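Novice: input19.tsv is reproduced in full below (TSV, C-alpha atoms).
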chain	number	residue	atom	x	y	z
A	1	MET	CA	-4.17	9.18	0.34
A	2	ARG	CA	-2.40	12.51	0.40
A	3	HIS	CA	-0.84	13.62	-2.88
A	4	SER	CA	2.12	16.04	-3.15
A	5	ILE	CA	5.08	16.94	-5.34
A	6	GLU	CA	8.61	17.94	-4.39
A	7	ILE	CA	10.72	19.67	-7.04
A	8	PHE	CA	14.50	19.77	-6.65
A	9	ASP	CA	17.33	21.51	-8.47
A	10	ASN	CA	19.28	18.24	-8.14
A	11	LEU	CA	16.95	15.23	-7.95
A	12	ALA	CA	19.51	12.76	-6.59
A	13	GLU	CA	20.56	15.04	-3.76
A	14	GLY	CA	17.01	16.16	-3.05
A	15	ALA	CA	15.60	12.63	-2.94
A	16	ALA	CA	18.39	11.41	-0.65
A	17	ALA	CA	17.80	14.34	1.72
A	18	TRP	CA	14.05	13.68	1.61
A	19	LEU	CA	14.57	10.04	2.61
A	20	LEU	CA	17.02	10.98	5.35
A	21	ASP	CA	14.54	13.45	6.83
A	22	ARG	CA	11.72	10.90	6.77
A	23	ALA	CA	13.94	8.24	8.34
A	24	LEU	CA	15.12	10.54	11.11
A	25	ARG	CA	11.55	11.55	11.92
A	26	SER	CA	10.55	7.90	12.29
A	27	THR	CA	10.83	5.86	15.45
A	28	GLY	CA	11.62	2.19	15.64
A	29	PRO	CA	12.25	-0.05	12.60
A	30	PHE	CA	12.20	1.69	9.21
A	31	SER	CA	11.55	-0.19	5.96
A	32	VAL	CA	12.40	0.99	2.44
A	33	CYS	CA	11.49	-0.62	-0.87
A	34	LEU	CA	13.95	0.29	-3.63
A	35	SER	CA	13.63	0.56	-7.39
A	36	GLY	CA	16.12	0.19	-10.20
A	37	GLY	CA	17.21	2.67	-12.85
A	38	SER	CA	19.65	5.53	-13.32
A	39	THR	CA	17.78	8.04	-11.15
A	40	PRO	CA	17.75	5.81	-8.04
A	41	LYS	CA	21.42	4.93	-8.66
A	42	ALA	CA	22.34	8.61	-8.51
A	43	MET	CA	20.45	8.89	-5.22
A	44	PHE	CA	22.21	5.77	-3.89
A	45	ASP	CA	25.59	7.31	-4.72
A	46	VAL	CA	24.67	10.34	-2.60
A	47	MET	CA	23.67	8.10	0.30
A	48	ALA	CA	27.13	6.53	0.37
A	49	THR	CA	28.77	9.90	1.09
A	50	PRO	CA	30.13	10.77	4.57
A	51	ALA	CA	27.18	12.96	5.57
A	52	TYR	CA	24.78	10.04	5.16
A	53	LEU	CA	27.12	7.45	6.60
A	54	GLU	CA	27.12	9.43	9.84
A	55	ARG	CA	23.46	10.45	10.02
A	56	PHE	CA	21.24	7.82	8.42
A	57	PRO	CA	19.71	5.28	10.86
A	58	TRP	CA	21.29	2.28	9.14
A	59	SER	CA	20.97	-0.03	12.14
A	60	ARG	CA	17.15	0.11	12.17
A	61	THR	CA	16.49	0.21	8.43
A	62	SER	CA	15.49	-2.80	6.31
A	63	TRP	CA	15.84	-2.77	2.52
A	64	PHE	CA	13.60	-4.48	-0.04
A	65	TRP	CA	13.03	-4.31	-3.81
A	66	GLY	CA	9.91	-3.54	-5.78
A	67	ASP	CA	10.96	-5.62	-8.76
A	68	GLU	CA	13.86	-7.53	-10.23
A	69	ARG	CA	14.99	-8.84	-13.58
A	70	PHE	CA	15.33	-12.61	-13.56
A	71	VAL	CA	19.11	-12.51	-13.84
A	72	PRO	CA	21.95	-13.45	-11.44
A	73	ALA	CA	22.84	-10.90	-8.76
A	74	ASP	CA	26.18	-10.18	-10.46
A	75	ASP	CA	24.52	-9.40	-13.80
A	76	PRO	CA	24.78	-5.69	-14.76
A	77	ALA	CA	20.98	-5.65	-15.16
A	78	SER	CA	20.30	-6.72	-11.56
A	79	ASN	CA	18.53	-4.06	-9.48
A	80	TYR	CA	19.90	-5.63	-6.31
A	81	GLY	CA	23.43	-5.74	-7.70
A	82	MET	CA	23.23	-2.08	-8.68
A	83	ALA	CA	22.09	-1.00	-5.22
A	84	LEU	CA	24.65	-3.22	-3.53
A	85	HIS	CA	27.54	-1.71	-5.46
A	86	ALA	CA	26.21	1.85	-5.34
A	87	PHE	CA	25.68	2.06	-1.59
A	88	LEU	CA	24.61	-0.98	0.42
A	89	SER	CA	28.09	-2.53	0.39
A	90	ARG	CA	29.54	0.83	1.45
A	91	VAL	CA	27.31	1.68	4.43
A	92	PRO	CA	26.97	0.17	7.92
A	93	THR	CA	23.63	-1.52	7.36
A	94	PRO	CA	23.30	-5.02	8.86
A	95	ALA	CA	23.46	-7.73	6.18
A	96	LEU	CA	20.40	-9.48	7.63
A	97	GLN	CA	18.36	-6.33	6.94
A	98	ILE	CA	19.03	-6.46	3.19
A	99	HIS	CA	16.37	-8.53	1.44
A	100	PRO	CA	17.05	-9.05	-2.30
A	101	ILE	CA	14.75	-10.93	-4.63
A	102	LEU	CA	16.65	-14.18	-5.18
A	103	THR	CA	16.66	-15.44	-8.77
A	104	GLU	CA	19.15	-18.29	-8.95
A	105	ARG	CA	18.47	-22.04	-8.82
A	106	MET	CA	14.71	-21.56	-9.02
A	107	SER	CA	11.99	-20.71	-11.52
A	108	PRO	CA	10.42	-17.23	-11.75
A	109	ARG	CA	7.30	-18.56	-10.06
A	110	GLU	CA	9.37	-20.04	-7.22
A	111	ALA	CA	11.30	-16.78	-6.89
A	112	ALA	CA	8.06	-14.83	-6.54
A	113	GLU	CA	6.69	-17.24	-3.96
A	114	ALA	CA	9.94	-17.16	-1.99
A	115	TYR	CA	9.99	-13.36	-1.87
A	116	GLU	CA	6.36	-13.21	-0.82
A	117	ALA	CA	7.28	-15.50	2.08
A	118	VAL	CA	10.11	-13.11	3.02
A	119	LEU	CA	7.72	-10.16	3.04
A	120	LYS	CA	5.11	-11.98	5.10
A	121	THR	CA	7.71	-13.04	7.66
A	122	PHE	CA	8.92	-9.45	7.94
A	123	TYR	CA	5.38	-8.12	8.16
A	124	GLY	CA	4.35	-10.71	10.74
A	125	SER	CA	1.11	-11.68	9.02
A	126	ALA	CA	-0.22	-13.19	5.81
A	127	ASN	CA	-2.87	-10.47	5.60
A	128	LEU	CA	-2.22	-6.81	4.90
A	129	ALA	CA	-3.99	-4.23	7.07
A	130	PRO	CA	-4.33	-0.53	6.15
A	131	GLU	CA	-3.38	0.55	9.67
A	132	LYS	CA	-0.11	-1.39	9.47
A	133	PRO	CA	1.91	-0.48	6.35
A	134	LEU	CA	4.29	-3.03	4.87
A	135	PHE	CA	6.84	-0.33	3.92
A	136	ASP	CA	7.57	3.07	5.40
A	137	VAL	CA	8.76	4.23	1.97
A	138	ALA	CA	8.45	2.54	-1.42
A	139	PHE	CA	10.40	4.16	-4.27
A	140	LEU	CA	9.04	3.68	-7.77
A	141	GLY	CA	9.95	4.89	-11.23
A	142	ILE	CA	7.69	5.66	-14.18
A	143	GLY	CA	8.48	4.24	-17.60
A	144	ASP	CA	7.65	6.03	-20.82
A	145	ASP	CA	4.84	3.50	-21.34
A	146	GLY	CA	3.49	4.19	-17.85
A	147	HIS	CA	4.80	1.01	-16.24
A	148	THR	CA	6.09	1.05	-12.68
A	149	ALA	CA	8.10	-1.68	-10.94
A	150	SER	CA	7.42	-4.51	-13.44
A	151	LEU	CA	3.72	-3.78	-13.64
A	152	ILE	CA	3.86	-3.73	-17.43
A	153	PRO	CA	0.97	-2.65	-19.67
A	154	GLY	CA	-1.07	-5.56	-21.00
A	155	GLN	CA	0.34	-8.17	-18.61
A	156	PRO	CA	-1.86	-10.38	-16.38
A	157	VAL	CA	-0.03	-9.20	-13.25
A	158	LEU	CA	-2.04	-5.97	-13.43
A	159	ALA	CA	-5.14	-7.90	-12.38
A	160	GLU	CA	-3.50	-9.62	-9.40
A	161	THR	CA	-5.37	-8.88	-6.18
A	162	THR	CA	-4.22	-11.56	-3.72
A	163	ARG	CA	-0.54	-12.35	-4.30
A	164	TRP	CA	2.03	-9.90	-2.93
A	165	VAL	CA	4.70	-10.87	-5.46
A	166	ALA	CA	4.28	-12.28	-8.95
A	167	GLU	CA	6.34	-13.40	-11.91
A	168	VAL	CA	6.06	-11.48	-15.19
A	169	PRO	CA	7.21	-13.92	-17.89
A	170	ALA	CA	6.45	-11.69	-20.89
A	171	GLY	CA	6.53	-8.06	-21.91
A	172	ARG	CA	10.29	-7.55	-21.64
A	173	GLU	CA	13.45	-9.25	-22.88
A	174	GLU	CA	13.85	-11.24	-19.67
A	175	PRO	CA	11.28	-12.47	-17.13
A	176	ARG	CA	10.67	-10.17	-14.18
A	177	ILE	CA	9.63	-10.57	-10.57
A	178	THR	CA	7.48	-7.74	-9.22
A	179	LEU	CA	5.57	-6.69	-6.18
A	180	THR	CA	1.89	-6.37	-6.99
A	181	TYR	CA	-0.55	-3.55	-6.33
A	182	PRO	CA	-1.64	-4.99	-2.95
A	183	ALA	CA	1.94	-4.98	-1.67
A	184	LEU	CA	3.05	-1.65	-3.13
A	185	ASN	CA	-0.12	0.11	-2.04
A	186	ALA	CA	0.46	-1.15	1.51
A	187	SER	CA	3.00	1.65	2.01
A	188	ALA	CA	3.04	4.57	4.41
A	189	CYS	CA	4.50	6.53	1.51
A	190	VAL	CA	5.05	5.77	-2.16
A	191	ALA	CA	7.60	8.09	-3.73
A	192	PHE	CA	7.80	8.24	-7.52
A	193	LEU	CA	11.24	9.31	-8.78
A	194	ALA	CA	11.03	11.01	-12.18
A	195	GLY	CA	13.63	13.39	-13.57
A	196	GLY	CA	14.53	14.97	-16.90
A	197	VAL	CA	12.50	16.47	-19.71
A	198	GLY	CA	11.82	12.99	-21.10
A	199	LYS	CA	9.55	12.28	-18.13
A	200	LYS	CA	7.55	15.49	-18.39
A	201	GLN	CA	4.67	14.12	-20.47
A	202	ILE	CA	4.16	10.82	-18.65
A	203	LEU	CA	4.53	12.51	-15.26
A	204	ALA	CA	1.82	15.05	-16.15
A	205	GLU	CA	-0.43	12.23	-17.37
A	206	ILE	CA	-0.02	10.17	-14.20
A	207	ARG	CA	-0.50	13.18	-11.92
A	208	GLY	CA	-3.56	14.28	-13.89
A	209	GLY	CA	-5.68	11.55	-12.35
A	210	ALA	CA	-7.43	10.30	-15.50
A	211	SER	CA	-4.72	7.96	-16.82
A	212	ASP	CA	-5.23	4.21	-17.23
A	213	LYS	CA	-1.47	3.53	-17.19
A	214	PRO	CA	-0.17	1.03	-14.57
A	215	ALA	CA	1.60	3.75	-12.57
A	216	ALA	CA	-1.67	5.64	-12.18
A	217	ARG	CA	-3.14	2.71	-10.25
A	218	ILE	CA	-0.69	3.14	-7.38
A	219	LYS	CA	-2.84	4.36	-4.50
A	220	PRO	CA	-1.04	3.81	-1.19
A	221	VAL	CA	-2.72	3.63	2.18
A	222	GLY	CA	-0.50	6.57	3.14
A	223	ASP	CA	1.11	9.39	1.15
A	224	LEU	CA	1.80	9.58	-2.58
A	225	VAL	CA	4.75	11.85	-3.36
A	226	PHE	CA	6.32	12.76	-6.70
A	227	LEU	CA	10.02	13.58	-6.32
A	228	THR	CA	11.14	15.36	-9.46
A	229	ASP	CA	13.23	18.13	-10.98
A	230	HIS	CA	12.29	21.29	-12.83
A	231	ALA	CA	12.68	19.68	-16.27
A	232	ALA	CA	10.19	16.89	-15.52
A	233	ALA	CA	7.80	19.05	-13.51
A	234	GLY	CA	7.43	21.57	-16.33
Please, can you express the file's structure as structure tokens?

Specialist:
Amino acid sequence: MRHSIEIFDNLAEGAAAWLLDRALRSTGPFSVCLSGGSTPKAMFDVMATPAYLERFPWSRTSWFWGDERFVPADDPASNYGMALHAFLSRVPTPALQIHPILTERMSPREAAEAYEAVLKTFYGSANLAPEKPLFDVAFLGIGDDGHTASLIPGQPVLAETTRWVAEVPAGREEPRITLTYPALNASACVAFLAGGVGKKQILAEIRGGASDKPAARIKPVGDLVFLTDHAAAG
């Protein structure tokens, strides 16, 4: 695992440009796992601008999500709904290459099992191999309590070692569906997005290497990159 940090004057613009560069340097299918939150939304808004519409390899990119609140897709809290409105409905990406975590007409457990089946079909195997990453890029955030995706402190999902996707019934106001460590770590690159002075302390703790917070246990088979701004980097 290679560890690096990229510091931008404008995090949304810098992160979008970083993803564009990585996508253009790739060959063949390109897979991206998205996260929710205000920082990713700002990046998504940039990606819907003309420069990205013309240059990004939309036709060979597939989109996934690292976690989802167990709410309908049209709920304001939906990570999928946010990304759809911010950029995916505004760019020429094939609909069949957008893979949301479905939450309606099923239980959280069923939703997790269904999304794991989607990932395994895309991957082409039920077993993850280090030499074959599941995602080219997986974006993650870092909460003030050190959670990432819906890997929430104190929840049983943190001990999951076999399932790729799991339900998180407690720890937040609504149940969550989250990718587990095995799935997230099966990435050619995990990119943490953390901006603003409010993220300075937790970012330093996670990058320090001695933290026991959930985000500190992300150790991809490929690169680990922190995309941040000057306020968060310190």

Novice: Report, in Å to a single decimal, how far apart CA of Trp65 in chain A and CA of Lys132 in chain A are.

Specialist: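 Between CA of Lys132 in chain A and CA of Trp65 in chain A the gap is 18.9 Å.
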
Novice: Please determine, counting all atoms listed in the file, which residue among A:Thr121, A:Thr148, A:Ser187, A:Gln201 has the shortest atom-to-atom distance to Lys213 in chain A.

Specialist: A:Thr148

Novice: Just the residues within 10 Å of range 125-130 of chain A, please, counting only C-alpha atoms, with nothing from its chain fewer than 5 positions along; format it as a VMD selection string.

Specialist: chain A and resid 116 to 117 119 to 120 162 164 182 to 183 185 to 188 220 to 222

Novice: Of the residues A:Glu173, A:Asp75, A:Glu68, A:Glu113, which is the one nearest to Ile101 in chain A, using all atoms listed in the file?

Specialist: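 Selected residue with least distance to Ile101 in chain A: A:Glu68.
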
Novice: Which value, in Å to one decimal, gives the distance between CA of Ile98 in chain A and CA of Arg172 in chain A?

Specialist: 26.3 Å

Novice: Pick out the closest residue to Thr178 in chain A from this set: A:Thr49, A:Ser107, A:Thr228, A:Ser35. Count all atoms listed in the file.

Specialist: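 Of A:Thr49, A:Ser107, A:Thr228, A:Ser35, the one nearest Thr178 in chain A, counting all atoms listed in the file, is A:Ser35.
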
Novice: If I take CA of Ala95 in chain A and CA of Leu179 in chain A, how far is one from the other in Å, to one decimal?

Specialist: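 Separation of CA of Ala95 in chain A and CA of Leu179 in chain A: 21.8 Å.
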
Novice: Would you list the contacts of range 14-31 of chain A as an NGL selection string, taking every protein, DNA or RNA residue within 7 Å and counting only C-alpha atoms, but skipping same-chain residues closer than 4 positions in sequence?

Specialist: :A and (8 or 10 or 43 or 46-47 or 56-57 or 60-63 or 135-137 or 227)

Novice: Pick the closest to Lys199 in chain A from A:Val32, A:Met106, A:Ala231, A:Ile5: which is it, counting only C-alpha atoms?

Specialist: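 The shortest atom-to-atom distance to Lys199 in chain A comes from A:Ala231.
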
Novice: Need the axis-aligned box for range 110-120 of chain A with 8 Å each side, so what are the centre and edges in Å to one decimal, as lines of an AutoDock Vina configuration file?

Specialist:
center_x = 8.2
center_y = -15.1
center_z = -1.1
size_x = 22.2
size_y = 25.9
size_z = 28.3

Novice: For Gly198 in chain A, which of A:Ile7, A:Val165, A:Ile142, A:Ala111 is the closest residue, counting only C-alpha atoms?

Specialist: A:Ile142

Novice: Using all atoms listed in the file, which protein or nucleic acid residues come within 7 Å of Val225 in chain A? Drop anything in the same chain fewer than 6 positions from it, and give the result as an mmCIF file with C-alpha atoms, keeping the file's coordinate frame.

Specialist:
data_model
loop_
_atom_site.group_PDB
_atom_site.id
_atom_site.type_symbol
_atom_site.label_atom_id
_atom_site.label_comp_id
_atom_site.auth_asym_id
_atom_site.auth_seq_id
_atom_site.Cartn_x
_atom_site.Cartn_y
_atom_site.Cartn_z
ATOM 1 C CA HIS A 3 -0.840 13.620 -2.880
ATOM 2 C CA SER A 4 2.120 16.040 -3.150
ATOM 3 C CA ILE A 5 5.080 16.940 -5.340
ATOM 4 C CA VAL A 190 5.050 5.770 -2.160
ATOM 5 C CA ALA A 191 7.600 8.090 -3.730
ATOM 6 C CA PHE A 192 7.800 8.240 -7.520
#

Novice: Pick from A:Phe139, A:Phe70, A:Tyr80, A:Phe122: nearest to Glu174 in chain A, with only C-alpha atoms counted?

Specialist: A:Phe70

Novice: Which protein, DNA or RNA residues have an atom at most 6 Å from (16.8, -14.1, -4.4), counting all atoms listed in the file? List them as a short mmCIF file (atom, residue, chain, number, x, y, z; two decimals) with C-alpha atoms, in the frame of the given file.

Specialist:
data_model
loop_
_atom_site.label_atom_id
_atom_site.label_comp_id
_atom_site.auth_asym_id
_atom_site.auth_seq_id
_atom_site.Cartn_x
_atom_site.Cartn_y
_atom_site.Cartn_z
CA PRO A 100 17.05 -9.05 -2.30
CA ILE A 101 14.75 -10.93 -4.63
CA LEU A 102 16.65 -14.18 -5.18
CA THR A 103 16.66 -15.44 -8.77
#
